[in-house]
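Structure data follow from query_24.csv (CSV, C-alpha atoms):
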chain,number,residue,atom,x,y,z
Y,1,MET,CA,-12.5,-1.8,-3.8
Y,2,MET,CA,-14.5,-4.1,-1.6
Y,3,ASP,CA,-11.9,-3.9,1.1
Y,4,SER,CA,-11.7,-0.1,0.8
Y,5,TYR,CA,-15.4,0.5,1.0
Y,6,ALA,CA,-16.3,-2.3,3.5
Y,7,LEU,CA,-17.8,0.0,6.1
Y,8,ASP,CA,-19.8,2.0,3.6
Y,9,ASP,CA,-22.2,-0.9,3.2
Y,10,LEU,CA,-21.2,-1.1,-0.5
Y,11,SER,CA,-23.9,-2.4,-2.7
Y,12,ILE,CA,-23.4,-4.5,-5.8
Y,13,GLY,CA,-25.2,-1.7,-7.7
Y,14,SER,CA,-22.8,1.1,-6.5
Y,15,MET,CA,-19.8,-1.1,-7.1
Y,16,ALA,CA,-21.0,-1.8,-10.7
Y,17,GLU,CA,-21.4,1.9,-11.3
Y,18,LYS,CA,-17.9,2.6,-10.1
Y,19,LEU,CA,-16.5,0.0,-12.4
Y,20,GLY,CA,-18.6,1.2,-15.4
Y,21,VAL,CA,-20.4,-2.1,-15.9
Y,22,GLY,CA,-24.0,-3.4,-15.5
Y,23,GLU,CA,-25.0,-4.8,-12.1
Y,24,ARG,CA,-26.3,-8.1,-13.7
Y,25,TRP,CA,-23.1,-8.5,-15.7
Y,26,LEU,CA,-21.0,-7.9,-12.6
Y,27,ARG,CA,-22.9,-10.6,-10.7
Y,28,GLU,CA,-22.4,-13.0,-13.6
Y,29,LEU,CA,-18.7,-12.3,-13.7
Y,30,PHE,CA,-18.3,-12.9,-10.0
Y,31,GLN,CA,-20.1,-16.2,-10.3
Y,32,LYS,CA,-18.1,-17.3,-13.3
Y,33,GLN,CA,-14.6,-16.2,-12.1
Y,34,VAL,CA,-14.9,-16.6,-8.4
Y,35,GLY,CA,-17.8,-19.0,-8.0
Y,36,ALA,CA,-19.6,-16.9,-5.4
Y,37,SER,CA,-21.6,-13.7,-5.1
Y,38,PRO,CA,-19.9,-10.4,-4.3
Y,39,LYS,CA,-21.8,-10.3,-0.9
Y,40,SER,CA,-20.5,-13.7,0.2
Y,41,ILE,CA,-16.9,-12.7,-0.8
Y,42,LEU,CA,-17.1,-9.5,1.3
Y,43,ILE,CA,-18.5,-11.4,4.3
Y,44,SER,CA,-15.8,-14.0,4.0
Y,45,LYS,CA,-13.2,-11.2,4.0
Y,46,GLN,CA,-14.8,-9.7,7.1
Y,47,LEU,CA,-14.9,-13.0,8.9
Y,48,ASP,CA,-11.2,-13.7,8.1
Y,49,ILE,CA,-10.2,-10.4,9.7
Y,50,ALA,CA,-12.4,-11.0,12.7
Y,51,LYS,CA,-10.9,-14.5,13.2
Y,52,ASN,CA,-7.5,-13.0,13.0
Y,53,LEU,CA,-8.3,-10.4,15.6
Y,54,LEU,CA,-9.9,-12.9,18.0
Y,55,GLU,CA,-6.7,-15.0,17.8
Y,56,HIS,CA,-4.2,-12.3,18.2
Y,57,SER,CA,-5.7,-9.3,20.0
Y,58,SER,CA,-7.3,-8.3,23.3
Y,59,ALA,CA,-10.1,-6.3,21.6
Y,60,SER,CA,-13.6,-7.0,22.7
Y,61,VAL,CA,-15.9,-9.1,20.5
Y,62,THR,CA,-18.1,-6.1,19.9
Y,63,ASP,CA,-15.2,-3.9,18.8
Y,64,ILE,CA,-14.0,-6.7,16.5
Y,65,ALA,CA,-17.4,-7.1,15.0
Y,66,PHE,CA,-17.7,-3.4,14.0
Y,67,SER,CA,-14.0,-3.0,13.1
Y,68,SER,CA,-14.5,-6.0,10.7
Y,69,GLY,CA,-17.3,-4.2,8.8
Y,70,PHE,CA,-20.4,-5.8,10.4
Y,71,GLN,CA,-23.3,-3.4,11.0
Y,72,SER,CA,-24.5,-5.2,14.1
Y,73,LEU,CA,-23.3,-7.7,16.7
Y,74,ARG,CA,-26.1,-10.1,15.9
Y,75,ARG,CA,-25.2,-10.3,12.3
Y,76,PHE,CA,-21.6,-10.9,13.2
Y,77,ASN,CA,-22.4,-13.7,15.6
Y,78,ASP,CA,-24.8,-15.4,13.1
Y,79,ALA,CA,-22.2,-15.2,10.3
Y,80,PHE,CA,-19.4,-16.4,12.5
Y,81,LYS,CA,-21.4,-19.4,13.7
Y,82,THR,CA,-22.3,-20.3,10.2
Y,83,ARG,CA,-18.7,-20.1,8.9
Y,84,PHE,CA,-16.8,-21.5,11.9
Y,85,LYS,CA,-19.5,-23.6,13.7
Y,86,GLN,CA,-19.0,-21.9,17.0
Y,87,ALA,CA,-19.6,-18.5,18.6
Y,88,PRO,CA,-16.9,-15.8,18.6
Y,89,SER,CA,-16.6,-15.9,22.4
Y,90,ALA,CA,-16.1,-19.7,22.3
Y,91,PHE,CA,-13.5,-19.4,19.5
Y,92,ARG,CA,-11.3,-17.1,21.6
Y,93,LYS,CA,-9.5,-19.6,23.9
Y,94,ASN,CA,-6.4,-17.5,24.9
Y,95,PRO,CA,-7.1,-13.8,24.4
Y,96,SER,CA,-4.1,-11.5,24.3
Y,97,SER,CA,-3.6,-9.3,27.4
Y,98,GLU,CA,-1.6,-6.7,25.4
Y,99,SER,CA,-3.2,-3.3,24.6
Y,100,LEU,CA,-1.7,-3.5,21.0
Y,101,LEU,CA,-3.7,-5.3,18.3
Y,102,HIS,CA,-2.1,-8.0,16.3
Y,103,LEU,CA,-2.6,-9.5,12.8
Y,104,GLN,CA,-0.9,-12.1,10.7
Y,105,LEU,CA,-1.1,-11.6,6.9
Y,106,SER,CA,-0.2,-14.4,4.5
Y,107,TYR,CA,1.8,-14.2,1.3
Y,108,ARG,CA,2.7,-16.6,-1.5
Y,109,PRO,CA,6.4,-17.6,-1.1
Y,110,PRO,CA,9.1,-16.8,-1.7
Y,111,TYR,CA,9.3,-13.2,-0.4
Y,112,ALA,CA,12.4,-11.1,-0.7
Y,113,TRP,CA,11.9,-9.4,2.7
Y,114,ASP,CA,15.4,-8.1,2.9
Y,115,CYS,CA,15.1,-6.2,-0.4
Y,116,MET,CA,11.8,-4.7,0.8
Y,117,ILE,CA,13.2,-3.6,4.1
Y,118,ASP,CA,16.3,-2.1,2.4
Y,119,PHE,CA,14.1,-0.2,-0.1
Y,120,LEU,CA,12.0,1.3,2.7
Y,121,LYS,CA,15.0,2.0,5.0
Y,122,LYS,CA,16.7,4.2,2.3
Y,123,ARG,CA,13.5,6.2,2.0
Y,124,ALA,CA,12.3,6.3,5.6
Y,125,ILE,CA,11.2,9.8,6.7
Y,126,GLU,CA,12.4,10.9,10.1
Y,127,GLY,CA,9.7,11.0,12.7
Y,128,VAL,CA,7.2,9.1,10.4
Y,129,GLU,CA,9.0,5.9,9.7
Y,130,LEU,CA,11.7,3.7,11.3
Y,131,VAL,CA,13.4,0.6,10.1
Y,132,GLU,CA,15.5,-1.3,12.6
Y,133,LYS,CA,16.2,-5.0,13.4
Y,134,ASN,CA,14.6,-6.1,10.1
Y,135,THR,CA,11.3,-4.5,11.0
Y,136,TYR,CA,9.4,-1.6,9.5
Y,137,GLN,CA,7.2,0.8,11.5
Y,138,ARG,CA,5.4,4.0,10.8
Y,139,THR,CA,2.7,6.4,11.9
Y,140,ILE,CA,-0.6,5.9,10.0
Y,141,ALA,CA,-3.5,8.3,9.5
Y,142,HIS,CA,-6.8,8.2,7.6
Y,143,GLY,CA,-9.5,10.7,8.1
Y,144,ASP,CA,-9.9,11.1,11.9
Y,145,ILE,CA,-8.2,7.7,12.6
Y,146,TYR,CA,-4.6,8.0,13.9
Y,147,GLY,CA,-2.3,5.3,14.9
Y,148,TRP,CA,0.9,3.3,14.5
Y,149,MET,CA,2.0,0.0,13.0
Y,150,LYS,CA,5.0,-2.3,12.9
Y,151,ALA,CA,5.6,-5.1,10.4
Y,152,THR,CA,8.0,-8.0,11.0
Y,153,HIS,CA,8.7,-11.0,8.8
Y,154,GLY,CA,7.3,-14.1,10.6
Y,155,GLU,CA,7.3,-17.8,10.1
Y,156,LYS,CA,5.1,-20.0,7.8
Y,157,ASN,CA,4.8,-17.3,5.1
Y,158,LYS,CA,3.3,-14.6,7.4
Y,159,ILE,CA,3.9,-11.0,8.0
Y,160,ASN,CA,3.3,-10.1,11.7
Y,161,ILE,CA,1.6,-6.8,12.2
Y,162,GLU,CA,1.3,-4.9,15.5
Y,163,PHE,CA,-0.8,-1.8,15.6
Y,164,SER,CA,-2.9,0.6,17.6
Y,165,PHE,CA,-5.5,3.3,16.7
Y,166,ASN,CA,-7.0,6.2,18.6
Y,167,LYS,CA,-10.5,4.8,18.0
Y,168,SER,CA,-12.3,1.9,16.3
Y,169,ALA,CA,-11.4,1.7,12.7
Y,170,ASN,CA,-12.2,-0.2,9.5
Y,171,ILE,CA,-9.7,-3.1,9.8
Y,172,LEU,CA,-10.5,-4.2,6.2
Y,173,ASP,CA,-9.3,-0.9,4.9
Y,174,PHE,CA,-6.2,-1.1,7.1
Y,175,VAL,CA,-5.5,-4.6,5.8
Y,176,ALA,CA,-6.0,-3.6,2.2
Y,177,ARG,CA,-3.5,-0.8,2.6
Y,178,LEU,CA,-1.0,-3.2,4.3
Y,179,LYS,CA,-1.4,-5.6,1.4
Y,180,ASN,CA,-0.6,-2.8,-1.0
Y,181,MET,CA,2.4,-1.6,1.0
Y,182,PHE,CA,4.0,-5.0,1.1
Y,183,ASP,CA,2.5,-6.4,-2.2
Y,184,LEU,CA,1.1,-9.4,-0.4
Y,185,ASP,CA,-1.3,-10.5,-3.1
Y,186,ALA,CA,1.5,-11.0,-5.7
Y,187,ASP,CA,2.1,-14.4,-7.2
Y,188,PRO,CA,5.9,-14.5,-7.5
Y,189,MET,CA,6.1,-17.8,-9.5
Y,190,ALA,CA,3.7,-16.5,-12.1
Y,191,ILE,CA,5.7,-13.3,-12.4
Y,192,GLU,CA,9.0,-15.1,-12.6
Y,193,THR,CA,7.6,-17.4,-15.4
Y,194,ILE,CA,7.0,-14.3,-17.6
Y,195,LEU,CA,10.2,-12.5,-16.7
Y,196,LYS,CA,12.2,-15.6,-17.6
Y,197,LYS,CA,11.1,-15.3,-21.2
Y,198,ASP,CA,13.7,-12.5,-21.5
Y,199,LYS,CA,16.8,-14.7,-21.8
Y,200,LYS,CA,19.1,-11.8,-20.9
Y,201,LEU,CA,17.2,-11.1,-17.7
Y,202,LYS,CA,16.8,-14.7,-16.6
Y,203,PRO,CA,20.3,-15.0,-14.9
Y,204,PHE,CA,19.5,-12.1,-12.5
Y,205,LEU,CA,16.2,-13.6,-11.2
Y,206,GLU,CA,17.6,-16.3,-9.0
Y,207,PRO,CA,19.3,-14.0,-6.4
Y,208,PHE,CA,16.1,-11.9,-6.1
Y,209,LYS,CA,13.4,-14.6,-5.8
Y,210,GLY,CA,10.2,-13.2,-4.4
Y,211,LEU,CA,10.9,-9.6,-5.2
Y,212,ARG,CA,7.9,-7.4,-4.5
Y,213,ILE,CA,6.9,-3.9,-5.5
Y,214,PRO,CA,7.0,-1.6,-2.4
Y,215,GLY,CA,3.6,0.1,-2.3
Y,216,SER,CA,2.4,2.9,-0.1
Y,217,TRP,CA,0.2,3.5,2.9
Y,218,ASP,CA,-1.4,6.5,1.2
Y,219,GLY,CA,-1.4,7.5,-2.5
Y,220,PHE,CA,-1.1,11.2,-1.8
Y,221,GLU,CA,1.9,10.7,0.4
Y,222,LEU,CA,3.6,8.6,-2.3
Y,223,ALA,CA,2.8,11.3,-4.9
Y,224,VAL,CA,4.4,13.9,-2.7
Y,225,ARG,CA,7.5,11.7,-2.3
Y,226,ALA,CA,7.7,11.3,-6.1
Y,227,ILE,CA,7.4,15.0,-6.9
Y,228,VAL,CA,10.0,15.9,-4.2
Y,229,GLY,CA,12.3,13.2,-5.6
Y,230,GLN,CA,12.4,14.5,-9.1
Y,231,ARG,CA,15.9,15.0,-10.4
Y,232,ILE,CA,17.6,14.6,-7.0
Y,233,SER,CA,19.0,11.7,-5.0
Y,234,VAL,CA,17.0,9.5,-2.7
Y,235,LYS,CA,19.0,10.9,0.3
Y,236,ALA,CA,18.3,14.5,-0.7
Y,237,ALA,CA,14.6,13.8,-1.2
Y,238,ARG,CA,14.5,12.1,2.2
Y,239,THR,CA,16.0,15.2,3.9
Y,240,ILE,CA,13.5,17.6,2.2
Y,241,LEU,CA,10.6,15.3,3.1
Y,242,GLY,CA,11.7,15.3,6.7
Y,243,LYS,CA,11.6,19.1,6.7
Y,244,ILE,CA,8.1,19.1,5.1
Y,245,VAL,CA,6.9,16.8,7.9
Y,246,LYS,CA,8.3,19.0,10.6
Y,247,THR,CA,6.7,22.1,8.9
Y,248,CYS,CA,3.2,20.8,8.5
Y,249,GLY,CA,2.9,17.2,9.8
Y,250,THR,CA,0.8,16.9,13.0
Y,251,GLU,CA,2.0,15.5,16.3
Y,252,HIS,CA,0.0,12.9,18.3
Y,253,ASN,CA,0.7,10.7,21.3
Y,254,LEU,CA,1.9,7.3,20.4
Y,255,PRO,CA,3.1,4.2,22.3
Y,256,PRO,CA,6.6,4.9,23.8
Y,257,SER,CA,7.8,1.8,21.9
Y,258,ALA,CA,6.9,3.5,18.6
Y,259,LYS,CA,9.9,6.0,18.7
Y,260,LEU,CA,7.9,8.1,16.2
Y,261,GLU,CA,6.3,11.5,16.7
Y,262,ARG,CA,4.7,12.9,13.6
Y,263,PHE,CA,2.1,12.0,10.9
Y,264,PHE,CA,2.6,12.7,7.2
Y,265,PRO,CA,0.9,16.0,6.2
Y,266,THR,CA,-2.6,15.9,4.8
Y,267,PRO,CA,-3.5,17.5,1.4
Y,268,GLN,CA,-5.1,20.3,3.4
Y,269,ALA,CA,-1.9,20.9,5.4
Y,270,ILE,CA,0.3,20.9,2.3
Y,271,LEU,CA,-2.0,23.3,0.5
Y,272,THR,CA,-1.9,25.9,3.3
Y,273,ALA,CA,1.8,25.4,4.4
Y,274,ASP,CA,4.7,27.8,3.9
Y,275,LEU,CA,7.1,25.5,2.0
Y,276,SER,CA,9.6,28.3,1.2
Y,277,LYS,CA,12.2,27.0,3.7
Y,278,VAL,CA,12.2,23.3,3.2
Y,279,GLY,CA,14.7,23.3,0.3
Y,280,LEU,CA,12.2,22.9,-2.6
Y,281,PRO,CA,12.3,24.9,-5.8
Y,282,VAL,CA,9.4,27.3,-6.0
Y,283,THR,CA,7.9,25.5,-9.0
Y,284,ARG,CA,8.0,22.1,-7.3
Y,285,ALA,CA,6.3,23.5,-4.2
Y,286,GLU,CA,3.6,24.9,-6.5
Y,287,SER,CA,3.2,21.4,-8.0
Y,288,LEU,CA,2.7,19.9,-4.6
Y,289,LYS,CA,0.0,22.5,-3.8
Y,290,ALA,CA,-1.7,22.0,-7.2
Y,291,LEU,CA,-1.8,18.2,-6.5
Y,292,ALA,CA,-3.2,18.8,-3.0
Y,293,SER,CA,-5.9,21.0,-4.4
Y,294,GLU,CA,-7.0,18.3,-6.9
Y,295,VAL,CA,-7.0,15.6,-4.3
Y,296,ILE,CA,-9.0,17.7,-1.8
Y,297,ALA,CA,-11.6,18.3,-4.6
Y,298,GLU,CA,-11.6,14.6,-5.4
Y,299,ARG,CA,-10.8,15.3,-9.0
Y,300,ILE,CA,-7.8,13.0,-8.6
Y,301,VAL,CA,-8.0,9.7,-6.6
Y,302,LEU,CA,-4.8,8.0,-5.7
Y,303,ASP,CA,-5.9,4.9,-3.8
Y,304,GLY,CA,-5.9,2.6,-6.8
Y,305,THR,CA,-9.7,2.4,-7.1
Y,306,ALA,CA,-9.9,4.9,-10.0
Y,307,ASP,CA,-9.0,4.2,-13.6
Y,308,SER,CA,-5.2,4.1,-13.7
Y,309,GLU,CA,-4.8,5.5,-17.3
Y,310,GLU,CA,-7.1,8.4,-16.6
Y,311,THR,CA,-5.4,9.2,-13.3
Y,312,CYS,CA,-2.0,9.3,-15.0
Y,313,LYS,CA,-3.4,11.8,-17.6
Y,314,GLN,CA,-4.7,14.0,-14.8
Y,315,LEU,CA,-1.3,13.9,-13.0
Y,316,LEU,CA,0.5,14.8,-16.2
Y,317,ALA,CA,-1.7,17.8,-16.6
Y,318,ILE,CA,-0.4,19.4,-13.4
Y,319,LYS,CA,2.5,21.8,-14.2
Y,320,GLY,CA,5.8,20.4,-13.0
Y,321,ILE,CA,4.8,16.7,-13.0
Y,322,GLY,CA,6.6,14.8,-15.7
Y,323,PRO,CA,6.5,11.2,-17.1
Y,324,TRP,CA,8.9,9.7,-14.6
Y,325,THR,CA,6.9,11.0,-11.6
Y,326,VAL,CA,3.6,9.7,-13.1
Y,327,GLU,CA,5.1,6.2,-13.9
Y,328,TYR,CA,6.5,6.0,-10.4
Y,329,ILE,CA,3.2,6.9,-8.8
Y,330,ALA,CA,1.4,4.4,-11.1
Y,331,MET,CA,3.7,1.7,-10.1
Y,332,ARG,CA,3.7,2.2,-6.3
Y,333,ALA,CA,0.4,3.9,-5.5
Y,334,LEU,CA,-2.0,3.0,-8.3
Y,335,ARG,CA,-1.0,-0.7,-8.2
Y,336,ASN,CA,-0.3,-1.0,-11.9
Y,337,PRO,CA,2.0,-4.0,-12.2
Y,338,ASP,CA,2.8,-3.4,-15.9
Y,339,VAL,CA,4.2,0.2,-15.6
Y,340,ILE,CA,7.9,0.7,-16.1
Y,341,PRO,CA,9.6,4.1,-15.6
Y,342,VAL,CA,11.3,4.1,-19.0
Y,343,THR,CA,12.7,7.6,-18.4
Y,344,ASP,CA,14.5,6.5,-15.3
Y,345,LEU,CA,18.2,6.8,-16.1
Y,346,VAL,CA,19.3,3.7,-14.1
Y,347,ILE,CA,16.7,1.5,-15.7
Y,348,LYS,CA,17.4,2.9,-19.1
Y,349,LYS,CA,21.1,2.3,-18.9
Y,350,LYS,CA,20.7,-1.2,-17.5
Y,351,ILE,CA,18.2,-2.2,-20.3
Y,352,GLU,CA,20.7,-0.9,-22.9
Y,353,GLN,CA,23.8,-2.6,-21.3
Y,354,LEU,CA,22.2,-5.9,-20.7
Y,355,GLN,CA,20.3,-5.8,-24.1
Y,356,LEU,CA,17.0,-6.5,-22.4
Y,357,ASN,CA,13.5,-6.7,-23.9
Y,358,PRO,CA,11.0,-5.1,-21.6
Y,359,ASP,CA,8.1,-5.9,-24.0
Y,360,SER,CA,8.5,-9.6,-23.1
Y,361,TRP,CA,7.9,-8.8,-19.4
Y,362,VAL,CA,4.2,-7.9,-20.0
Y,363,PRO,CA,2.1,-7.8,-17.8
Y,364,TRP,CA,4.7,-7.6,-15.1
Y,365,ARG,CA,7.1,-4.9,-16.3
Y,366,ALA,CA,6.9,-3.1,-12.9
Y,367,TYR,CA,8.6,-6.1,-11.3
Y,368,GLY,CA,11.3,-6.0,-14.0
Y,369,ALA,CA,11.9,-2.4,-13.0
Y,370,ILE,CA,12.2,-3.3,-9.3
Y,371,LEU,CA,14.6,-6.0,-10.3
Y,372,LEU,CA,16.8,-3.6,-12.3
Y,373,TRP,CA,16.9,-1.2,-9.4
Y,374,ASN,CA,18.3,-4.1,-7.2
Y,375,ILE,CA,20.8,-5.4,-9.7
Y,376,VAL,CA,24.4,-4.1,-9.1
Y,377,LEU,CA,26.5,-3.9,-12.3
Y,378,GLU,CA,29.9,-2.5,-13.1
Y,379,ASP,CA,30.6,1.2,-12.4
Y,380,LYS,CA,30.1,2.1,-16.0
Y,381,VAL,CA,26.4,1.6,-15.6

Structure re-expressed in structure tokens:
Amino acid sequence: MMDSYALDDLSIGSMAEKLGVGERWLRELFQKQVGASPKSILISKQLDIAKNLLEHSSASVTDIAFSSGFQSLRRFNDAFKTRFKQAPSAFRKNPSSESLLHLQLSYRPPYAWDCMIDFLKKRAIEGVELVEKNTYQRTIAHGDIYGWMKATHGEKNKINIEFSFNKSANILDFVARLKNMFDLDADPMAIETILKKDKKLKPFLEPFKGLRIPGSWDGFELAVRAIVGQRISVKAARTILGKIVKTCGTEHNLPPSAKLERFFPTPQAILTADLSKVGLPVTRAESLKALASEVIAERIVLDGTADSEETCKQLLAIKGIGPWTVEYIAMRALRNPDVIPVTDLVIKKKIEQLQLNPDSWVPWRAYGAILLWNIVLEDKV
């Protein structure tokens, strides 16, 4: 939440209100659990992003200051000097000459990057996403910010990110979305410790060490993917999504190296588009428009900052959206690590054949689901 609202000058009072707790109690919880105040944690996040950009990009110090969430250059300089004992300009020894911006994001090893890339490649939407040479790239849009990003697995437990925007943007929000997409905050050893309690599942963990939950750049986009994918194959869903993008996805100029041309449609574009020729059943197209209407009115929030259980109830209330779709959205967009699509036929059959006990996977059942999707058993499954 702090990452998502960094440029809105989020106060401890407004954050406590969003969480439904008292301001004093929230301060006490921060001090007890983290050992620091909410404000100092946010400043630390902002400075980490600024340091990353100073090391890996050609952006000016002023642009970096505001993109990192600071409200003035003076505040940024003062905070940077306090933390790193030198001025931002002095810290930058070898600034990049490239026009693209660069970031390196850390993760706790191990990381099953090949599994992540394979998952994304099978679902990549033509014109919006591209997976090649073990890298993932896509167009990105948020409000009036448009751009492009490419992720590559690097050395020393890092994911290398190249990106460009049409204007200065909230880099903390961008990083928060990337962390969600690639599940970079996961603790794979803690997850494995719990999953090992299921003795029948334990033998399958070794080949998939560091398995992550593929997240999403945008919650609405993921929900559209889930609705389109109901009761059809991944390949068929990908084809229909490509047609939807061509029908109402906007075009923007991108770097020639991007090899991409369109942005995923906004809720407004889906709501007003003619979806009669994209291959969707009429009822499913109506579900998409109903969802778009709820998101536009902000009655449904799909960025993971709203209450997950309540959001799932709201989604189920939309005609044409069933339990599988809601579970899938909760797992990949709402960031709930304990959701398992129990109605998924593949998962259901594998649980039965292997005689697994998903209740023993709590609170990491979503990781158990991802593992089952990766496990290849005999044809009878």

For Gly320 in chain Y: contacts at 12 Å, all atoms listed in the file, fewer than 4 positions along chain excluded, given as a PyMOL selection string:
chain Y and resi 226-228+230-231+281-291+315-316+324-326

Mind pulling up the distance from CA of Ala151 in chain Y to CA of Lys259 in chain Y?
14.5 Å

Just the residues within 10 Å of His252 in chain Y, please, counting all atoms listed in the file, with nothing from its chain fewer than 2 positions along; format it as a PyMOL selection string.
chain Y and resi 139+146-147+166+249-250+254+260-263

Please list as an NGL selection string every residue within 12 Å of range 54-64 of chain Y, counting only C-alpha atoms and excluding residues in the same chain fewer than 5 positions away.
:Y and (46-49 or 69-77 or 80 or 87-105 or 160-165 or 167-172)

Could you tell me how far CA of Ala317 in chain Y lies from CA of Glu294 in chain Y, in Å and to one decimal?
11.1 Å

Which is closer to Ala16 in chain Y than all the others in Y:Val175, Y:Met2, Y:Leu130, Y:Met181, using all atoms listed in the file?
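Closest candidate: Y:Met2.
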
Between CA of Ser216 in chain Y and CA of Arg177 in chain Y, what distance in Å does the model show, to one decimal?
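Between CA of Ser216 in chain Y and CA of Arg177 in chain Y the gap works out to 7.5 Å.
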
Tell me, as number ranges by chain, which residues lie within 8 Å of Cys248 in chain Y, counting only C-alpha atoms; anything in the same chain fewer than 5 positions away does not count.
Y: 265, 269-270, 273

Which residues of range 167-224 of chain Y have any atom within 12 Å of an atom in range 124-129 of chain Y when counting all atoms listed in the file, and what is the closest pair of atoms for each, with the distance in Å to one decimal? Order the rows by chain and rising number and write it as a tab-separated table.
residue	atom	partner	partner_atom	distance
Y:Ser216	CA	Y:Ala124	CA	11.9
Y:Trp217	CA	Y:Glu129	CA	11.4
Y:Glu221	CA	Y:Ile125	CA	11.3
Y:Leu222	CA	Y:Ile125	CA	11.8
